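Visitor: This one is query.txt, compact mmCIF, C-alpha atoms and all ligand atoms.
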# COMPACT_ATOMS: atom_id res chain seq x y z
CA MET A 237 2.92 37.96 17.24
CA LEU A 238 3.07 35.38 14.41
CA GLN A 239 6.51 34.52 13.09
CA GLN A 240 6.96 34.66 9.35
CA ARG A 241 9.86 32.90 7.71
CA ASP A 242 10.80 32.09 4.13
CA TYR A 243 12.51 28.87 3.09
CA ASP A 244 13.34 27.13 -0.17
CA CYS A 245 11.51 23.99 0.96
CA ILE A 246 9.26 22.93 3.81
CA VAL A 247 8.89 19.27 4.77
CA ILE A 248 5.89 18.26 6.88
CA GLY A 249 6.44 15.22 9.11
CA ALA A 250 9.67 14.09 10.78
CA GLY A 251 9.25 10.33 10.41
CA VAL A 252 11.92 8.43 8.50
CA GLN A 253 10.80 9.74 5.11
CA GLY A 254 10.61 13.41 6.15
CA CYS A 255 13.96 13.25 7.96
CA PHE A 256 15.74 11.79 4.93
CA THR A 257 14.02 14.21 2.55
CA ALA A 258 15.12 17.16 4.68
CA TYR A 259 18.65 15.70 4.87
CA GLN A 260 18.82 15.41 1.06
CA LEU A 261 17.43 18.91 0.53
CA ALA A 262 20.01 20.40 2.90
CA LYS A 263 22.75 18.52 1.06
CA ASN A 264 21.46 20.21 -2.10
CA ASN A 265 21.90 23.61 -0.44
CA GLN A 266 18.18 24.19 0.03
CA ARG A 267 17.16 26.29 3.03
CA THR A 268 14.83 23.73 4.56
CA LEU A 269 12.32 23.67 7.40
CA LEU A 270 11.18 20.34 8.84
CA LEU A 271 7.91 20.63 10.76
CA GLU A 272 6.70 17.93 13.17
CA GLN A 273 3.44 17.98 15.11
CA PHE A 274 4.78 16.11 18.16
CA LEU A 275 7.82 16.79 20.34
CA LEU A 276 10.70 14.63 19.10
CA PRO A 277 11.31 11.81 19.58
CA HIS A 278 7.80 10.35 19.68
CA SER A 279 6.16 6.95 19.28
CA ARG A 280 2.86 7.94 17.72
CA GLY A 281 3.53 7.42 14.01
CA SER A 282 5.19 4.65 11.99
CA SER A 283 8.94 5.18 12.39
CA HIS A 284 9.56 4.69 16.13
CA GLY A 285 11.14 1.70 17.84
CA GLN A 286 14.65 0.34 17.95
CA THR A 287 14.73 -1.89 14.90
CA ARG A 288 13.59 -2.48 11.30
CA ILE A 289 14.51 -5.07 8.69
CA ILE A 290 16.59 -4.18 5.65
CA ARG A 291 16.71 -6.71 2.80
CA LYS A 292 17.08 -7.09 -0.93
CA ALA A 293 14.66 -10.03 -0.96
CA TYR A 294 11.48 -8.66 -2.55
CA GLU A 295 8.76 -9.94 -4.83
CA GLN A 296 9.35 -7.11 -7.35
CA ASP A 297 12.58 -6.22 -9.13
CA PHE A 298 12.06 -2.48 -8.75
CA TYR A 299 12.40 -2.64 -4.96
CA THR A 300 15.47 -4.90 -5.16
CA HIS A 301 17.03 -2.40 -7.59
CA MET A 302 16.39 0.53 -5.25
CA MET A 303 18.01 -1.37 -2.40
CA GLU A 304 21.42 -1.30 -4.11
CA GLU A 305 21.70 2.43 -3.54
CA CYS A 306 19.88 2.29 -0.19
CA TYR A 307 22.65 0.20 1.34
CA GLN A 308 25.24 2.70 0.09
CA LEU A 309 23.31 5.68 1.46
CA TRP A 310 22.77 4.02 4.85
CA ALA A 311 26.53 3.41 5.04
CA GLN A 312 27.15 7.03 4.06
CA LEU A 313 25.00 8.30 6.94
CA GLU A 314 26.87 5.95 9.28
CA ARG A 315 30.16 7.54 8.18
CA GLU A 316 28.81 11.11 8.31
CA THR A 317 27.53 10.73 11.85
CA ASN A 318 30.00 8.16 13.14
CA THR A 319 27.20 5.84 14.28
CA THR A 320 26.34 2.20 13.64
CA LEU A 321 22.94 1.96 12.00
CA PHE A 322 23.08 -1.50 10.40
CA ARG A 323 23.82 -4.99 11.67
CA ARG A 324 24.06 -7.71 9.08
CA THR A 325 22.17 -10.87 10.08
CA GLY A 326 20.72 -12.13 6.79
CA ILE A 327 17.03 -12.85 6.38
CA LEU A 328 15.52 -16.29 6.08
CA VAL A 329 12.67 -16.32 3.53
CA LYS A 330 10.61 -19.42 4.01
CA GLY A 331 7.22 -20.76 2.96
CA PRO A 332 5.31 -23.23 0.79
CA GLU A 333 7.54 -23.88 -2.21
CA ASP A 334 4.68 -24.44 -4.63
CA GLU A 335 3.01 -21.09 -3.78
CA ARG A 336 3.51 -18.06 -6.02
CA ASP A 337 4.52 -15.81 -3.14
CA PHE A 338 7.59 -17.87 -2.23
CA GLN A 339 8.50 -18.36 -5.89
CA LEU A 340 8.45 -14.61 -6.52
CA PHE A 341 11.04 -14.05 -3.80
CA ARG A 342 13.23 -16.85 -5.15
CA GLU A 343 13.02 -15.56 -8.73
CA THR A 344 13.76 -11.94 -7.81
CA LEU A 345 16.77 -12.98 -5.74
CA GLN A 346 18.09 -15.14 -8.60
CA ARG A 347 17.41 -12.64 -11.41
CA ASN A 348 19.18 -9.89 -9.51
CA ARG A 349 22.07 -12.10 -8.41
CA VAL A 350 21.55 -11.25 -4.75
CA PRO A 351 23.93 -13.34 -2.62
CA THR A 352 21.56 -16.05 -1.43
CA GLU A 353 21.88 -19.43 0.27
CA THR A 354 19.34 -22.16 -0.40
CA LEU A 355 18.94 -24.48 2.57
CA THR A 356 17.99 -28.15 2.17
CA PRO A 357 15.93 -29.60 5.04
CA ASP A 358 19.11 -31.12 6.53
CA GLU A 359 21.03 -27.86 6.31
CA PHE A 360 18.06 -26.03 7.80
CA ALA A 361 17.94 -28.40 10.79
CA ARG A 362 21.67 -27.97 11.35
CA ARG A 363 21.82 -24.19 10.89
CA LEU A 364 18.53 -23.23 12.52
CA PRO A 365 17.80 -25.96 15.09
CA HIS A 366 15.26 -23.80 16.94
CA MET A 367 13.07 -23.20 13.89
CA VAL A 368 10.80 -25.65 12.07
CA LEU A 369 10.74 -26.24 8.31
CA GLN A 370 7.66 -28.18 7.33
CA THR A 371 7.46 -30.64 4.45
CA GLY A 372 6.89 -28.72 1.21
CA GLU A 373 8.49 -25.53 2.52
CA GLY A 374 11.47 -23.87 0.85
CA ALA A 375 14.13 -21.88 2.72
CA LEU A 376 16.43 -19.17 1.32
CA ILE A 377 18.73 -16.75 3.09
CA ASP A 378 19.30 -13.30 1.57
CA THR A 379 22.71 -12.81 3.15
CA THR A 380 22.78 -9.04 2.49
CA ALA A 381 19.90 -8.42 4.89
CA GLY A 382 19.96 -7.30 8.49
CA VAL A 383 18.67 -4.96 11.13
CA LEU A 384 18.55 -1.16 11.00
CA TYR A 385 18.66 0.71 14.30
CA ALA A 386 15.58 2.81 13.65
CA ASP A 387 15.42 5.38 16.47
CA ARG A 388 19.16 5.93 16.17
CA ALA A 389 18.80 6.41 12.40
CA LEU A 390 16.21 9.14 12.83
CA ARG A 391 18.43 10.94 15.32
CA ALA A 392 21.40 10.65 12.95
CA ALA A 393 19.51 12.03 9.93
CA GLN A 394 18.05 14.87 12.03
CA SER A 395 21.38 15.87 13.54
CA TYR A 396 23.20 15.80 10.21
CA PHE A 397 20.40 17.88 8.65
CA GLN A 398 20.79 20.43 11.45
CA SER A 399 24.56 20.44 11.08
CA LEU A 400 24.02 21.52 7.46
CA GLY A 401 21.89 24.46 8.64
CA GLY A 402 18.49 22.77 8.40
CA VAL A 403 15.78 23.89 10.84
CA ILE A 404 13.57 21.47 12.77
CA LYS A 405 10.50 22.78 14.56
CA ASP A 406 8.80 20.08 16.58
CA GLY A 407 5.59 20.41 18.56
CA GLU A 408 4.25 22.40 15.59
CA LYS A 409 1.25 20.85 13.92
CA VAL A 410 0.48 22.10 10.43
CA LEU A 411 -3.07 23.41 10.45
CA ASN A 412 -3.38 24.80 6.96
CA ILE A 413 -1.65 24.80 3.59
CA GLN A 414 -2.20 27.44 0.96
CA PRO A 415 -0.91 26.29 -2.43
CA GLY A 416 0.55 28.71 -4.99
CA SER A 417 3.88 29.52 -6.62
CA THR A 418 4.89 30.25 -3.03
CA VAL A 419 3.27 27.76 -0.64
CA THR A 420 2.13 29.09 2.74
CA VAL A 421 2.00 26.71 5.69
CA THR A 422 0.27 27.69 8.92
CA THR A 423 0.88 26.22 12.36
CA ALA A 424 -0.38 27.43 15.75
CA SER A 425 2.89 29.37 16.21
CA GLY A 426 3.64 30.75 12.81
CA GLU A 427 3.24 31.07 9.11
CA TYR A 428 6.02 29.80 6.85
CA ARG A 429 6.50 30.24 3.12
CA ALA A 430 8.52 28.22 0.64
CA LYS A 431 8.97 27.59 -3.06
CA SER A 432 8.10 23.95 -2.58
CA LEU A 433 6.43 21.73 -0.02
CA ILE A 434 6.96 18.04 0.67
CA ILE A 435 4.30 16.15 2.59
CA THR A 436 5.58 13.07 4.42
CA ALA A 437 2.88 12.85 7.08
CA GLY A 438 2.56 9.06 7.35
CA PRO A 439 -0.90 8.06 8.64
CA TRP A 440 -1.99 11.72 8.58
CA ALA A 441 -1.31 12.19 4.83
CA ASN A 442 -4.96 12.45 3.85
CA THR A 443 -5.71 14.95 6.63
CA LEU A 444 -3.13 17.30 5.12
CA LEU A 445 -4.06 16.57 1.52
CA SER A 446 -7.67 17.49 2.26
CA HIS A 447 -6.48 21.13 2.38
CA MET A 448 -5.79 20.72 -1.35
CA GLY A 449 -8.85 18.73 -2.32
CA LEU A 450 -6.96 15.46 -2.73
CA GLN A 451 -7.73 12.14 -1.04
CA LEU A 452 -5.60 9.07 -1.74
CA PRO A 453 -6.91 5.53 -1.20
CA LEU A 454 -4.93 4.98 2.00
CA THR A 455 -5.96 2.70 4.85
CA VAL A 456 -4.39 3.24 8.25
CA VAL A 457 -3.98 0.04 10.26
CA LYS A 458 -2.76 -0.59 13.78
CA ILE A 459 -0.03 -3.20 14.12
CA ASN A 460 0.40 -5.04 17.41
CA VAL A 461 4.16 -5.18 17.79
CA CYS A 462 4.64 -8.41 19.73
CA TYR A 463 7.73 -9.56 21.62
CA TRP A 464 8.02 -13.27 22.51
CA ARG A 465 10.05 -14.66 25.40
CA GLU A 466 12.87 -17.10 24.69
CA LYS A 467 12.67 -20.22 26.85
CA VAL A 468 16.48 -20.11 26.94
CA PRO A 469 17.69 -16.49 26.67
CA GLY A 470 19.83 -15.88 23.58
CA THR A 471 18.53 -18.85 21.54
CA TYR A 472 17.22 -16.52 18.83
CA GLY A 473 19.80 -13.78 19.29
CA ALA A 474 21.88 -12.10 16.59
CA ASP A 475 24.97 -13.21 18.53
CA ALA A 476 23.78 -16.83 18.08
CA HIS A 477 23.68 -16.14 14.29
CA CYS A 478 19.91 -16.13 14.19
CA PRO A 479 18.78 -14.26 11.06
CA CYS A 480 15.71 -12.09 10.58
CA PHE A 481 12.96 -14.15 8.99
CA LEU A 482 9.99 -13.70 6.70
CA GLN A 483 7.37 -16.42 6.37
CA THR A 484 5.47 -16.02 3.11
CA ALA A 485 1.68 -16.30 3.07
CA SER A 486 0.83 -19.77 4.33
CA GLU A 487 -2.13 -21.66 5.68
CA GLY A 488 -3.71 -19.65 8.52
CA ALA A 489 -1.84 -16.44 7.59
CA GLU A 490 -2.88 -14.49 4.51
CA TYR A 491 -0.03 -11.98 4.96
CA HIS A 492 3.64 -12.35 5.80
CA ILE A 493 4.85 -13.02 9.32
CA TYR A 494 8.26 -11.58 10.10
CA GLY A 495 10.71 -11.54 12.96
CA LEU A 496 14.01 -10.07 14.08
CA PRO A 497 16.60 -11.72 16.34
CA SER A 498 16.43 -10.78 20.02
CA ASN A 499 18.24 -7.51 20.48
CA GLU A 500 16.47 -4.49 21.94
CA TYR A 501 14.86 -6.33 24.85
CA PRO A 502 17.25 -9.13 25.91
CA GLY A 503 15.44 -12.47 25.88
CA LEU A 504 12.58 -11.19 23.73
CA VAL A 505 12.12 -11.70 19.99
CA LYS A 506 10.03 -9.27 17.89
CA ILE A 507 7.58 -11.09 15.64
CA CYS A 508 4.72 -9.32 13.86
CA TYR A 509 1.95 -9.95 11.36
CA HIS A 510 2.17 -7.85 8.21
CA MET A 511 -1.39 -6.55 8.55
CA GLY A 512 -3.63 -5.15 11.27
CA SER A 513 -7.07 -3.65 11.74
CA GLU A 514 -8.17 -0.30 10.42
CA THR A 515 -7.79 2.60 12.81
CA GLU A 516 -7.73 6.39 13.03
CA PRO A 517 -4.24 7.79 13.63
CA ASP A 518 -5.26 9.91 16.63
CA ARG A 519 -7.39 7.16 18.17
CA ARG A 520 -5.47 3.99 17.65
CA ASP A 521 -5.92 2.94 21.29
CA ARG A 522 -9.58 2.37 20.49
CA GLN A 523 -8.60 -0.41 18.10
CA THR A 524 -8.32 -3.48 20.33
CA ASP A 525 -8.64 -6.27 17.75
CA GLN A 526 -6.27 -9.16 18.53
CA THR A 527 -6.73 -11.26 15.37
CA ASP A 528 -3.07 -10.71 14.41
CA VAL A 529 -1.88 -11.79 17.88
CA ARG A 530 -3.86 -15.04 17.58
CA ILE A 531 -2.36 -15.75 14.14
CA LEU A 532 1.12 -15.10 15.58
CA SER A 533 0.57 -17.32 18.65
CA ARG A 534 -0.36 -20.22 16.42
CA PHE A 535 2.67 -19.58 14.21
CA VAL A 536 5.07 -19.37 17.16
CA SER A 537 3.77 -22.59 18.71
CA ILE A 538 4.25 -24.48 15.41
CA TYR A 539 7.45 -22.97 14.01
CA LEU A 540 9.43 -21.49 16.91
CA PRO A 541 9.32 -24.06 19.72
CA GLY A 542 12.00 -22.23 21.73
CA LEU A 543 9.63 -19.31 22.40
CA GLU A 544 6.73 -18.99 24.83
CA PRO A 545 3.62 -18.91 22.59
CA GLU A 546 2.04 -15.86 24.29
CA PRO A 547 3.52 -12.39 23.73
CA ALA A 548 5.42 -10.97 26.71
CA VAL A 549 5.22 -7.33 25.50
CA VAL A 550 2.83 -5.76 22.98
CA GLU A 551 3.55 -2.28 21.63
CA SER A 552 1.84 -0.57 18.72
CA CYS A 553 2.69 1.09 15.45
CA MET A 554 0.78 2.08 12.31
CA TYR A 555 0.93 1.17 8.64
CA THR A 556 -0.52 3.43 5.93
CA VAL A 557 -1.50 0.97 3.23
CA THR A 558 -2.23 1.55 -0.48
CA PRO A 559 -4.43 -0.87 -2.47
CA ASP A 560 -1.37 -2.44 -4.20
CA HIS A 561 0.99 -2.00 -1.20
CA HIS A 562 3.35 0.15 -3.29
CA PHE A 563 4.42 3.62 -2.18
CA VAL A 564 3.20 7.01 -3.39
CA LEU A 565 6.11 9.14 -4.63
CA ASP A 566 4.71 11.88 -6.82
CA ARG A 567 3.75 15.50 -7.34
CA HIS A 568 0.32 16.78 -6.42
CA PRO A 569 -1.77 16.46 -9.64
CA THR A 570 -2.49 20.21 -9.88
CA HIS A 571 0.05 21.90 -7.57
CA LYS A 572 3.34 20.83 -9.09
CA ASN A 573 5.50 22.34 -6.32
CA ILE A 574 3.80 20.12 -3.73
CA ILE A 575 5.39 16.69 -3.48
CA ILE A 576 3.88 13.69 -1.74
CA GLY A 577 5.59 10.71 -0.10
CA ALA A 578 2.94 8.45 1.42
CA GLY A 579 1.45 4.96 1.66
CA PHE A 580 4.64 3.16 2.67
CA SER A 581 2.47 0.12 3.46
CA GLY A 582 4.57 -1.27 6.30
CA HIS A 583 7.82 -1.72 4.38
CA GLY A 584 9.20 1.77 3.78
CA PHE A 585 11.84 2.25 6.46
CA LYS A 586 14.75 0.57 4.66
CA PHE A 587 14.06 2.82 1.63
CA GLY A 588 14.27 6.06 3.64
CA PRO A 589 17.54 7.31 2.09
CA VAL A 590 16.41 6.69 -1.50
CA VAL A 591 12.86 7.96 -0.86
CA GLY A 592 14.46 11.15 0.51
CA LYS A 593 16.60 11.44 -2.60
CA ILE A 594 13.63 10.95 -4.95
CA LEU A 595 11.37 13.42 -3.13
CA CYS A 596 14.22 15.94 -3.14
CA GLU A 597 14.70 15.44 -6.90
CA LEU A 598 10.98 15.95 -7.52
CA SER A 599 10.94 19.10 -5.45
CA LEU A 600 13.96 20.52 -7.32
CA GLY A 601 12.39 19.71 -10.70
CA LYS A 602 15.16 17.21 -11.50
CA VAL A 603 14.63 14.01 -13.45
CA PRO A 604 14.13 11.34 -10.78
CA SER A 605 16.83 8.67 -10.50
CA TYR A 606 14.25 5.86 -10.70
CA ASP A 607 11.27 4.95 -12.85
CA LEU A 608 8.42 6.20 -10.68
CA SER A 609 5.58 4.54 -12.59
CA PRO A 610 4.81 2.00 -9.81
CA PHE A 611 4.49 4.93 -7.38
CA ARG A 612 2.32 7.41 -9.32
CA ILE A 613 -0.98 8.75 -8.00
CA GLN A 614 -2.44 8.19 -11.47
CA ARG A 615 -2.60 4.43 -10.82
CA PHE A 616 -5.43 5.02 -8.32
CA GLN A 617 -7.69 6.74 -10.87
CA THR A 618 -10.45 4.14 -10.52
CA HIS A 619 -10.25 4.06 -6.71
CA MET A 620 -10.32 7.83 -6.50
CA LYS A 621 -13.29 8.19 -8.86
CA SER A 622 -15.27 5.54 -7.02
CA SER A 623 -14.63 7.26 -3.70
CA LEU A 624 -15.98 10.63 -4.93
C1 LIG A 701 5.43 -2.55 13.39
C2 LIG A 701 6.10 -2.04 12.17
C3 LIG A 701 7.16 -2.76 11.63
C4 LIG A 701 7.78 -2.32 10.45
N1 LIG A 701 8.83 -3.03 9.97
C5 LIG A 701 9.51 -2.57 8.92
C6 LIG A 701 10.70 -3.22 8.52
O1 LIG A 701 11.11 -4.19 9.12
N2 LIG A 701 11.38 -2.71 7.45
C7 LIG A 701 10.94 -1.61 6.78
O2 LIG A 701 11.58 -1.22 5.81
N3 LIG A 701 9.81 -0.95 7.14
C8 LIG A 701 9.10 -1.41 8.20
N4 LIG A 701 7.99 -0.75 8.64
C9 LIG A 701 7.47 0.36 7.87
C10 LIG A 701 8.16 1.69 8.15
O3 LIG A 701 8.45 1.82 9.51
C11 LIG A 701 7.25 2.79 7.61
O4 LIG A 701 7.01 2.57 6.23
C12 LIG A 701 7.86 4.16 7.79
O5 LIG A 701 8.23 4.36 9.15
C13 LIG A 701 6.89 5.26 7.34
O6 LIG A 701 7.49 6.49 7.64
P1 LIG A 701 6.75 7.89 7.37
O7 LIG A 701 7.81 8.91 7.53
O8 LIG A 701 6.00 7.81 6.09
O9 LIG A 701 5.63 8.00 8.49
P2 LIG A 701 5.70 8.45 10.04
O10 LIG A 701 6.85 7.83 10.70
O11 LIG A 701 4.35 8.21 10.62
O12 LIG A 701 6.00 10.00 9.96
C14 LIG A 701 5.02 10.95 9.65
C15 LIG A 701 5.23 12.12 10.57
O13 LIG A 701 4.41 13.20 10.16
C16 LIG A 701 3.98 13.88 11.31
N5 LIG A 701 2.79 14.68 10.98
C17 LIG A 701 1.61 14.22 10.54
N6 LIG A 701 0.73 15.24 10.37
C18 LIG A 701 1.38 16.37 10.70
C19 LIG A 701 1.01 17.74 10.76
N7 LIG A 701 -0.23 18.15 10.46
N8 LIG A 701 1.94 18.65 11.12
C20 LIG A 701 3.22 18.26 11.45
N9 LIG A 701 3.60 16.96 11.45
C21 LIG A 701 2.70 16.03 11.08
C22 LIG A 701 3.69 12.74 12.27
O14 LIG A 701 3.59 13.15 13.61
C23 LIG A 701 4.85 11.81 12.00
O15 LIG A 701 5.95 12.07 12.85
C24 LIG A 701 7.33 -1.16 9.81
C25 LIG A 701 6.27 -0.42 10.35
C26 LIG A 701 5.67 -0.85 11.52
C27 LIG A 701 4.53 -0.05 12.07
O1 LIG A 702 9.76 -4.37 5.40
C1 LIG A 702 10.08 -5.39 6.00
O2 LIG A 702 11.14 -5.94 5.74
C2 LIG A 702 9.16 -5.95 7.05
C3 LIG A 702 9.09 -7.41 7.01
C4 LIG A 702 8.18 -7.96 5.98
C5 LIG A 702 6.90 -7.30 5.97
C6 LIG A 702 7.03 -5.84 5.94
N1 LIG A 702 7.86 -5.32 6.96
Would you mind writing the structure in this file as structure tokens?

Guide:
Amino acid sequence: MLQQRDYDCIVIGAGVQGCFTAYQLAKNNQRTLLLEQFLLPHSRGSSHGQTRIIRKAYEQDFYTHMMEECYQLWAQLERETNTTLFRRTGILVKGPEDERDFQLFRETLQRNRVPTETLTPDEFARRLPHMVLQTGEGALIDTTAGVLYADRALRAAQSYFQSLGGVIKDGEKVLNIQPGSTVTVTTASGEYRAKSLIITAGPWANTLLSHMGLQLPLTVVKINVCYWREKVPGTYGADAHCPCFLQTASEGAEYHIYGLPSNEYPGLVKICYHMGSETEPDRRDRQTDQTDVRILSRFVSIYLPGLEPEPAVVESCMYTVTPDHHFVLDRHPTHKNIIIGAGFSGHGFKFGPVVGKILCELSLGKVPSYDLSPFRIQRFQTHMKSSL
């Protein structure tokens, strides 16, 4: 027999954005159901793995502004669950000083008075002897930045949500959505109804939105998550005061290259390319392109001489990328009680707590705490028309 249950809100997708949205809804006394297609925890979306970078260094002010509150909300979840979710390491932002990309980071950090150190070549050589700064490159350290313990963070948000009475049903794939003043969501095991629905389905966003005749211009890409062996274990470790780093677009790499100090796998440093090759979320193993790995190998051999220049471990993860690389945080254009959080374009984890707050505000009909114009669906009008 089918179960039938009524809730105030249903959230589809228990990645970082769905978990924090559910957590915020429960804090606002909403009877909330969080549905996840896979058994938790899983490594088939975008939020798995031990670590993510958190930073205020951004090219746009609006992200740096949102980070103020993000840091506070991460610390709040740490207190609520008595867990450590953040380790401060700083992030080195480095790249060609005369290129716009590097300048945008520098200007945003300055304008927003983010505590930042500017390293001269001599200081760089002294502080970071195992990294290379080439002539013409600038180097800044956003000292607020660090590492978030990602898997642990998801567990913390889920358990706090449950402690507030929230319900998680994993292994329940949503098969159909019927919009209306009460939204009906169907899975293989039941039918659930709620006053509002929040879709945070990561790479599967468009599959779910197709039930409501909406397709966003999202591209799903597979990221090869590469770990590189230290020639001397610990050289690039957080204990050796090695920061995270972000190399801005440079010769041979159109997108950023970023890395985190060795941590989760002792002796191995995670370094990835901020783009991959297009894939389908249920068939990402078919995507075997290694272009990103080749770009990374070249980078490692030039800039990080203390690492072996071939990856020791390669895992995978997915990005869901919008044309401008900004998020989608909005209502469905015709069904106003359906809220969409999508297209986090490979940089959404650190924003989880504020994304959850914004999606919760939208679902409760409150005025959102932030100007959402960079995140509106409306901005894709031309893309969406041309794809009809
Ligand atoms: C390699 C890599 C490195 C990254 N590094 C950083 C970083 O350093 N800093 C940072 O801030 N961000 C980073 N990101 C980006 C960040 O991890 C993502 O933006 C974020 O995880 C997106 O979360 P999500 O909740 O939108 O998606 P997901 O985590 O994919 O969650 C969506 C969930 O919805 C579920 N779902 C889908 N369809 C259905 C259905 N029909 N029924 C039920 N459930 C469904 C899925 O199973 C999934 O669990 C990185 C991403 C990758 C891949
Ligand atoms: O969000 C981040 O911080 C990482 C590093 C930079 C590229 C995007 N992903």

Visitor: Please, which residues in chain A fall within 10 Å of ligand LIG 702 (chain A) when counting only C-alpha atoms and all ligand atoms, and what is the closest atom pair and distance in Å to one decimal for each, ordered by chain then residue number, as a tab-separated table?

Guide:
residue	atom	partner	partner_atom	distance
A:Arg288	CA	A:LIG702	C1	7.0
A:Ile289	CA	A:LIG702	O2	4.6
A:Ile290	CA	A:LIG702	O2	5.7
A:Arg291	CA	A:LIG702	O2	6.3
A:Lys292	CA	A:LIG702	O2	9.0
A:Ala293	CA	A:LIG702	O2	8.6
A:Tyr294	CA	A:LIG702	O2	8.7
A:Ile327	CA	A:LIG702	O2	9.1
A:Val329	CA	A:LIG702	C4	9.8
A:Ala381	CA	A:LIG702	O2	9.1
A:Gly382	CA	A:LIG702	O2	9.3
A:Val383	CA	A:LIG702	O2	9.3
A:Cys480	CA	A:LIG702	C3	8.9
A:Phe481	CA	A:LIG702	C3	8.0
A:Leu482	CA	A:LIG702	C4	6.1
A:Gln483	CA	A:LIG702	C4	8.5
A:Thr484	CA	A:LIG702	C4	9.0
A:Tyr491	CA	A:LIG702	C5	8.4
A:His492	CA	A:LIG702	C5	6.0
A:Ile493	CA	A:LIG702	C4	6.9
A:Tyr494	CA	A:LIG702	C3	5.3
A:Gly495	CA	A:LIG702	C3	7.4
A:Leu496	CA	A:LIG702	C3	9.0
A:Ile507	CA	A:LIG702	C3	9.5
A:Cys508	CA	A:LIG702	C3	8.3
A:Tyr509	CA	A:LIG702	C5	7.8
A:His510	CA	A:LIG702	C5	5.3
A:Met511	CA	A:LIG702	C5	8.7
A:Tyr555	CA	A:LIG702	N1	9.6
A:Phe580	CA	A:LIG702	O1	9.5
A:Ser581	CA	A:LIG702	C6	7.9
A:Gly582	CA	A:LIG702	C6	5.2
A:His583	CA	A:LIG702	O1	3.4
A:Gly584	CA	A:LIG702	O1	6.4
A:Phe585	CA	A:LIG702	O1	7.0
A:Lys586	CA	A:LIG702	O1	7.1
A:Phe587	CA	A:LIG702	O1	9.2

Visitor: I need the residue nearest ligand LIG 701 (chain A) from this list: A:Lys263, A:Arg429, A:Lys458, A:His561. Use all atoms listed in the file for the distance.

Guide: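 Smallest distance to ligand LIG 701 (chain A) is found for A:Lys458.
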
Visitor: Which residue gives the smallest distance to His301 in chain A among A:Ser282, A:Thr319, A:Thr344, A:Gln394, with all atoms listed in the file counted?

Guide: A:Thr344

Visitor: Could you tell me how far CA of Leu433 in chain A lies from CA of Ser552 in chain A, in Å and to one decimal?

Guide: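 Computing it gives 29.5 Å between the two atoms.
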
Visitor: Give the centre and edge lengths of an axis-aligned box, in Å to one decimal, that holds all listed atoms of ligand LIG 701 (chain A) with 5 Å on each side, as JSON.

Guide:
{"center_x": 5.7, "center_y": 7.2, "center_z": 9.7, "size_x": 21.8, "size_y": 32.8, "size_z": 17.8}

Visitor: As an exercise, work out the distance from CA of Phe611 in chain A to CA of Glu343 in chain A in Å and give it to one decimal place.

Guide: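 Separation of CA of Phe611 in chain A and CA of Glu343 in chain A: 22.2 Å.
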
Visitor: Which residues, written as JSON, numbers by chain, have at least one atom at most 9 Å from Val557 in chain A, with only C-alpha atoms counted and residues fewer than 4 positions away on the same chain left out?

Guide: {"A": [439, 453, 454, 455, 456, 457, 561, 562, 563, 578, 579, 580, 581, 582]}

Visitor: Point out the residue among A:Ser395, A:Thr325, A:Thr436, A:Gln339 with the least atom-to-atom distance to Ala375 in chain A, counting all atoms listed in the file.

Guide: A:Gln339
